[in-house]
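Some notes on the structure that comes next.
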Amino acid sequence: MFYSLTGKVVFADENTVALDCGGVAFSLTASANTLRKCSAVGSTQTLYTYLSVREDALDLFGFYEKNELECFKLLTGISGVGPKAAIAILSALTPDALALAVASEDAKAITAAQGVGGKIAGRIVLELKGKLDGISLSSETAGNIAASMKSSASYAGEEAVNALVSLGYSKTEAGVAVGKLDGNLSTEEMIKKALALLAKNF
């Protein structure tokens with residue numbers, strides 16, 4: 001029904017932003033990531049929109065970037081993930097971070113979202129695998145996803161990732177670091193070199 005709305009911000013709080021469009025103010029539920037970019041009262045903003053239709057309510061959601069809207073649609077298409085949970089996930093993770101967590105099979109990263117448990121996070125990783133390829137990602141994230149996928153392609157790489165996770169690194173961090181290394185290295189060499197990369201934040 002609505003593709004986007006452009007108007008002046010007349011109100012914003014921790015969950016919503018209201019846009020005055022030609023004298024009509026629309027209240028949109030938005031993620032923390034969107035609100036950080038467009039919540040200045042008096043500024044003119046354009047938000048991509050999604051209208052959720054239920055028996056007892058019509059809820060309008062707003063997104064600063066189109067790739068966040070696409071992620072929202074994919075998330076709400078998963079059984080057990082409603083609009084509220086999807087917004088919570090996109091508040092905790094940017095589309096790039098979500099894509100990297102899915103590629104790394106890092107369900108724990110998704111549980112950082114309020115109200116999202118391990119079972120739902122695992123289902124998200126399983127069902128979104130390969131479905132985020134069409135989302136516009138930064139070149140750095142695309143490279144990190146490729147590196148993360150490469151790290152699980154060999155036994156040594158997988159073992160190195162598991163060892164780094166046991167040392168306290170997230171599966172995403174470990175997968176990206178190991179994926180940047182020569183796949184012919186031994187597990188021990190991979191761990192040592194990956195630790196050096198992690199110490200430098202890649």
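Chain labels run A, B, ... following the order of the structure tokens; each chain numbers its residues from 1, and ligands are numbered from 1 in the order shown.
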
At most 9 Å is the cut-off: for each residue in segment 60-93 of chain A with any atom that close to an atom of segment 33-54 of chain A, write down the nearest atom pair and the distance in Å rounded to one decimal, counting only C-alpha atoms, chain first then increasing number, as a tab-separated table.
residue	atom	partner	partner_atom	distance
A:Leu60	CA	A:Leu51	CA	4.6
A:Phe61	CA	A:Tyr50	CA	5.1
A:Gly62	CA	A:Thr49	CA	4.6
A:Phe63	CA	A:Tyr48	CA	5.0
A:Tyr64	CA	A:Leu47	CA	5.0
A:Glu65	CA	A:Tyr48	CA	7.0
A:Lys66	CA	A:Tyr48	CA	6.4
A:Glu68	CA	A:Thr34	CA	8.7
A:Leu69	CA	A:Tyr48	CA	7.0
A:Phe72	CA	A:Tyr50	CA	8.9
A:Lys73	CA	A:Tyr50	CA	8.5
A:Pro83	CA	A:Ser52	CA	7.9
A:Leu90	CA	A:Asn33	CA	7.1
A:Ser91	CA	A:Asn33	CA	5.6
A:Ala92	CA	A:Asn33	CA	8.1
A:Leu93	CA	A:Asn33	CA	8.2

Go ahead and save the residues from that selection, with C-alpha atoms, as a short mmCIF file (atom, residue, chain, number, x, y, z; two decimals), in the first residue's frame.
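Dumped to again.cif:
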data_model
loop_
_atom_site.label_atom_id
_atom_site.label_comp_id
_atom_site.auth_asym_id
_atom_site.auth_seq_id
_atom_site.Cartn_x
_atom_site.Cartn_y
_atom_site.Cartn_z
CA LEU A 60 3.10 0.80 9.95
CA PHE A 61 6.86 0.15 10.09
CA GLY A 62 9.54 2.49 8.79
CA PHE A 63 13.08 1.79 7.57
CA TYR A 64 15.84 4.25 6.74
CA GLU A 65 17.48 1.87 4.26
CA LYS A 66 15.83 -0.48 1.78
CA GLU A 68 16.72 -3.19 6.32
CA LEU A 69 13.16 -3.42 4.96
CA PHE A 72 12.46 -7.34 7.92
CA LYS A 73 10.33 -9.05 5.26
CA PRO A 83 7.13 -7.90 13.39
CA LEU A 90 17.25 -5.23 13.43
CA SER A 91 17.78 -3.01 16.47
CA ALA A 92 20.52 -5.34 17.71
CA LEU A 93 22.05 -6.10 14.29
#

* Asked: Looking only at the backbone, which of the residues in chain A does DSSP tag as strand (DSSP E), as a PyMOL selection string?
  -> chain A and resi 4-12+16-21+24-29+44-53+58-63

For the residues selected in the previous step, produce a file with N, CA and C atoms as an mmCIF file, in the first residue's frame.
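As written to disk, again-v7.cif reads:
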data_model
loop_
_atom_site.group_PDB
_atom_site.id
_atom_site.type_symbol
_atom_site.label_atom_id
_atom_site.label_comp_id
_atom_site.auth_asym_id
_atom_site.auth_seq_id
_atom_site.Cartn_x
_atom_site.Cartn_y
_atom_site.Cartn_z
ATOM 1 N N SER A 4 6.933 4.255 0.388
ATOM 2 C CA SER A 4 7.757 5.085 1.268
ATOM 3 C C SER A 4 6.956 6.319 1.658
ATOM 4 N N LEU A 5 7.424 6.984 2.700
ATOM 5 C CA LEU A 5 6.828 8.242 3.137
ATOM 6 C C LEU A 5 7.934 9.268 3.298
ATOM 7 N N THR A 6 7.678 10.475 2.844
ATOM 8 C CA THR A 6 8.625 11.580 3.020
ATOM 9 C C THR A 6 7.903 12.694 3.771
ATOM 10 N N GLY A 7 8.503 13.128 4.849
ATOM 11 C CA GLY A 7 7.870 14.192 5.627
ATOM 12 C C GLY A 7 8.774 14.710 6.717
ATOM 13 N N LYS A 8 8.248 15.634 7.486
ATOM 14 C CA LYS A 8 9.008 16.252 8.569
ATOM 15 C C LYS A 8 8.800 15.454 9.858
ATOM 16 N N VAL A 9 9.882 15.199 10.563
ATOM 17 C CA VAL A 9 9.801 14.479 11.836
ATOM 18 C C VAL A 9 9.184 15.402 12.883
ATOM 19 N N VAL A 10 8.048 14.971 13.445
ATOM 20 C CA VAL A 10 7.381 15.792 14.463
ATOM 21 C C VAL A 10 7.441 15.150 15.837
ATOM 22 N N PHE A 11 7.851 13.886 15.879
ATOM 23 C CA PHE A 11 7.962 13.186 17.164
ATOM 24 C C PHE A 11 8.839 11.962 16.975
ATOM 25 N N ALA A 12 9.595 11.635 18.011
ATOM 26 C CA ALA A 12 10.385 10.403 17.994
ATOM 27 C C ALA A 12 10.647 9.962 19.423
ATOM 28 N N THR A 16 9.413 4.650 18.047
ATOM 29 C CA THR A 16 8.640 5.177 16.933
ATOM 30 C C THR A 16 9.150 6.527 16.454
ATOM 31 N N VAL A 17 8.761 6.834 15.216
ATOM 32 C CA VAL A 17 9.025 8.151 14.653
ATOM 33 C C VAL A 17 7.753 8.565 13.920
ATOM 34 N N ALA A 18 7.362 9.831 14.052
ATOM 35 C CA ALA A 18 6.164 10.322 13.381
ATOM 36 C C ALA A 18 6.559 11.306 12.298
ATOM 37 N N LEU A 19 6.067 11.068 11.082
ATOM 38 C CA LEU A 19 6.361 11.935 9.942
ATOM 39 C C LEU A 19 5.101 12.695 9.540
ATOM 40 N N ASP A 20 5.232 14.027 9.458
ATOM 41 C CA ASP A 20 4.132 14.865 8.978
ATOM 42 C C ASP A 20 4.245 14.944 7.455
ATOM 43 N N CYS A 21 3.290 14.323 6.776
ATOM 44 C CA CYS A 21 3.278 14.309 5.309
ATOM 45 C C CYS A 21 2.070 15.104 4.821
ATOM 46 N N VAL A 24 -0.733 15.371 7.510
ATOM 47 C CA VAL A 24 -1.123 14.117 8.173
ATOM 48 C C VAL A 24 0.134 13.484 8.758
ATOM 49 N N ALA A 25 0.127 13.239 10.075
ATOM 50 C CA ALA A 25 1.304 12.648 10.727
ATOM 51 C C ALA A 25 1.132 11.139 10.835
ATOM 52 N N PHE A 26 2.060 10.416 10.249
ATOM 53 C CA PHE A 26 2.049 8.959 10.311
ATOM 54 C C PHE A 26 3.023 8.495 11.392
ATOM 55 N N SER A 27 2.556 7.604 12.252
ATOM 56 C CA SER A 27 3.412 7.028 13.288
ATOM 57 C C SER A 27 3.966 5.704 12.785
ATOM 58 N N LEU A 28 5.287 5.588 12.777
ATOM 59 C CA LEU A 28 5.935 4.380 12.270
ATOM 60 C C LEU A 28 6.794 3.745 13.360
ATOM 61 N N THR A 29 6.642 2.456 13.539
ATOM 62 C CA THR A 29 7.538 1.712 14.424
ATOM 63 C C THR A 29 8.844 1.490 13.669
ATOM 64 N N THR A 44 13.632 16.643 7.630
ATOM 65 C CA THR A 44 12.821 15.973 6.614
ATOM 66 C C THR A 44 13.462 14.632 6.278
ATOM 67 N N GLN A 45 12.673 13.575 6.339
ATOM 68 C CA GLN A 45 13.194 12.227 6.146
ATOM 69 C C GLN A 45 12.314 11.441 5.193
ATOM 70 N N THR A 46 12.925 10.471 4.523
ATOM 71 C CA THR A 46 12.183 9.509 3.707
ATOM 72 C C THR A 46 12.409 8.124 4.304
ATOM 73 N N LEU A 47 11.321 7.431 4.600
ATOM 74 C CA LEU A 47 11.419 6.081 5.152
ATOM 75 C C LEU A 47 10.677 5.098 4.259
ATOM 76 N N TYR A 48 11.316 3.955 3.986
ATOM 77 C CA TYR A 48 10.636 2.863 3.302
ATOM 78 C C TYR A 48 9.668 2.246 4.303
ATOM 79 N N THR A 49 8.533 1.786 3.839
ATOM 80 C CA THR A 49 7.494 1.357 4.772
ATOM 81 C C THR A 49 6.991 -0.056 4.524
ATOM 82 N N TYR A 50 6.425 -0.608 5.588
ATOM 83 C CA TYR A 50 5.771 -1.915 5.528
ATOM 84 C C TYR A 50 4.522 -1.830 6.389
ATOM 85 N N LEU A 51 3.383 -2.200 5.824
ATOM 86 C CA LEU A 51 2.114 -2.170 6.547
ATOM 87 C C LEU A 51 1.747 -3.587 6.978
ATOM 88 N N SER A 52 1.688 -3.782 8.297
ATOM 89 C CA SER A 52 1.301 -5.083 8.851
ATOM 90 C C SER A 52 -0.198 -5.057 9.148
ATOM 91 N N VAL A 53 -0.917 -5.989 8.547
ATOM 92 C CA VAL A 53 -2.375 -6.036 8.697
ATOM 93 C C VAL A 53 -2.765 -7.230 9.560
ATOM 94 N N LEU A 58 -3.724 -2.199 12.395
ATOM 95 C CA LEU A 58 -2.888 -1.889 11.233
ATOM 96 C C LEU A 58 -1.637 -1.209 11.775
ATOM 97 N N ASP A 59 -0.479 -1.818 11.577
ATOM 98 C CA ASP A 59 0.769 -1.269 12.102
ATOM 99 C C ASP A 59 1.694 -0.903 10.947
ATOM 100 N N LEU A 60 2.211 0.309 11.002
ATOM 101 C CA LEU A 60 3.098 0.798 9.948
ATOM 102 C C LEU A 60 4.534 0.807 10.467
ATOM 103 N N PHE A 61 5.445 0.217 9.711
ATOM 104 C CA PHE A 61 6.858 0.147 10.093
ATOM 105 C C PHE A 61 7.688 0.967 9.111
ATOM 106 N N GLY A 62 8.707 1.646 9.628
ATOM 107 C CA GLY A 62 9.541 2.485 8.787
ATOM 108 C C GLY A 62 11.002 2.074 8.825
ATOM 109 N N PHE A 63 11.687 2.218 7.695
ATOM 110 C CA PHE A 63 13.083 1.789 7.567
ATOM 111 C C PHE A 63 13.882 2.831 6.807
#

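Between atom CA of Asp133 of chain A and atom CA of Leu164 of chain A lies a distance of 26.7 Å.
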
Leaving out Leu132 of chain A and any residue of its chain fewer than 6 positions from it, which residues lie within 10 Å of it when counting only C-alpha atoms, given as an mmCIF file with C-alpha atoms, in the first residue's frame?
data_model
loop_
_atom_site.group_PDB
_atom_site.id
_atom_site.type_symbol
_atom_site.label_atom_id
_atom_site.label_comp_id
_atom_site.auth_asym_id
_atom_site.auth_seq_id
_atom_site.Cartn_x
_atom_site.Cartn_y
_atom_site.Cartn_z
ATOM 1 C CA ASN A 67 18.056 -3.406 2.746
ATOM 2 C CA GLU A 70 14.130 -6.471 2.894
ATOM 3 C CA CYS A 71 15.640 -8.131 5.976
ATOM 4 C CA LEU A 74 12.560 -12.129 5.281
ATOM 5 C CA PRO A 95 21.509 -5.874 7.880
ATOM 6 C CA ASP A 96 25.242 -6.399 7.276
ATOM 7 C CA LEU A 98 22.716 -10.112 10.380
ATOM 8 C CA ALA A 99 23.966 -11.402 7.022
ATOM 9 C CA LEU A 100 27.385 -12.118 8.523
ATOM 10 C CA VAL A 102 23.750 -16.088 9.272
ATOM 11 C CA ALA A 103 26.697 -16.902 7.006
#

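Nearest to Gly175 of chain A of all the residues A:Leu128, A:Ala121, A:Ala86, A:Ala101 is A:Ala101, counting only C-alpha atoms.
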
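When the distance limit is 10 Å and only C-alpha atoms are what count, the residues near segment 113-118 of chain A, minus those fewer than 2 positions from it on the same chain, are Val81, Lys84, Ala85, Ala86, Ile87, Ala88, Ile89, Leu90, Ser91, Ala92, Leu93, Ala107, Lys108, Ala109, Ile110, Thr111, Ile120, Ala121, Gly122, Arg123 and Ile124 of chain A.
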
For the residues selected in the previous step, produce a file with C-alpha atoms as a CSV table (one decimal), in the first residue's frame.
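What ended up in part12.csv:
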chain,number,residue,atom,x,y,z
A,81,VAL,CA,9.2,-14.4,14.1
A,84,LYS,CA,8.1,-7.1,17.0
A,85,ALA,CA,10.8,-9.7,17.1
A,86,ALA,CA,12.1,-8.7,13.6
A,87,ILE,CA,12.4,-5.0,14.8
A,88,ALA,CA,14.2,-6.2,17.9
A,89,ILE,CA,16.7,-8.2,15.8
A,90,LEU,CA,17.2,-5.2,13.4
A,91,SER,CA,17.8,-3.0,16.5
A,92,ALA,CA,20.5,-5.3,17.7
A,93,LEU,CA,22.1,-6.1,14.3
A,107,ALA,CA,22.9,-18.0,16.3
A,108,LYS,CA,24.3,-16.6,19.5
A,109,ALA,CA,24.8,-13.1,17.9
A,110,ILE,CA,21.1,-13.1,17.1
A,111,THR,CA,20.1,-13.8,20.6
A,120,ILE,CA,14.3,-19.0,17.2
A,121,ALA,CA,17.8,-17.7,16.5
A,122,GLY,CA,18.8,-21.2,15.3
A,123,ARG,CA,15.7,-21.3,13.0
A,124,ILE,CA,16.6,-17.8,11.6
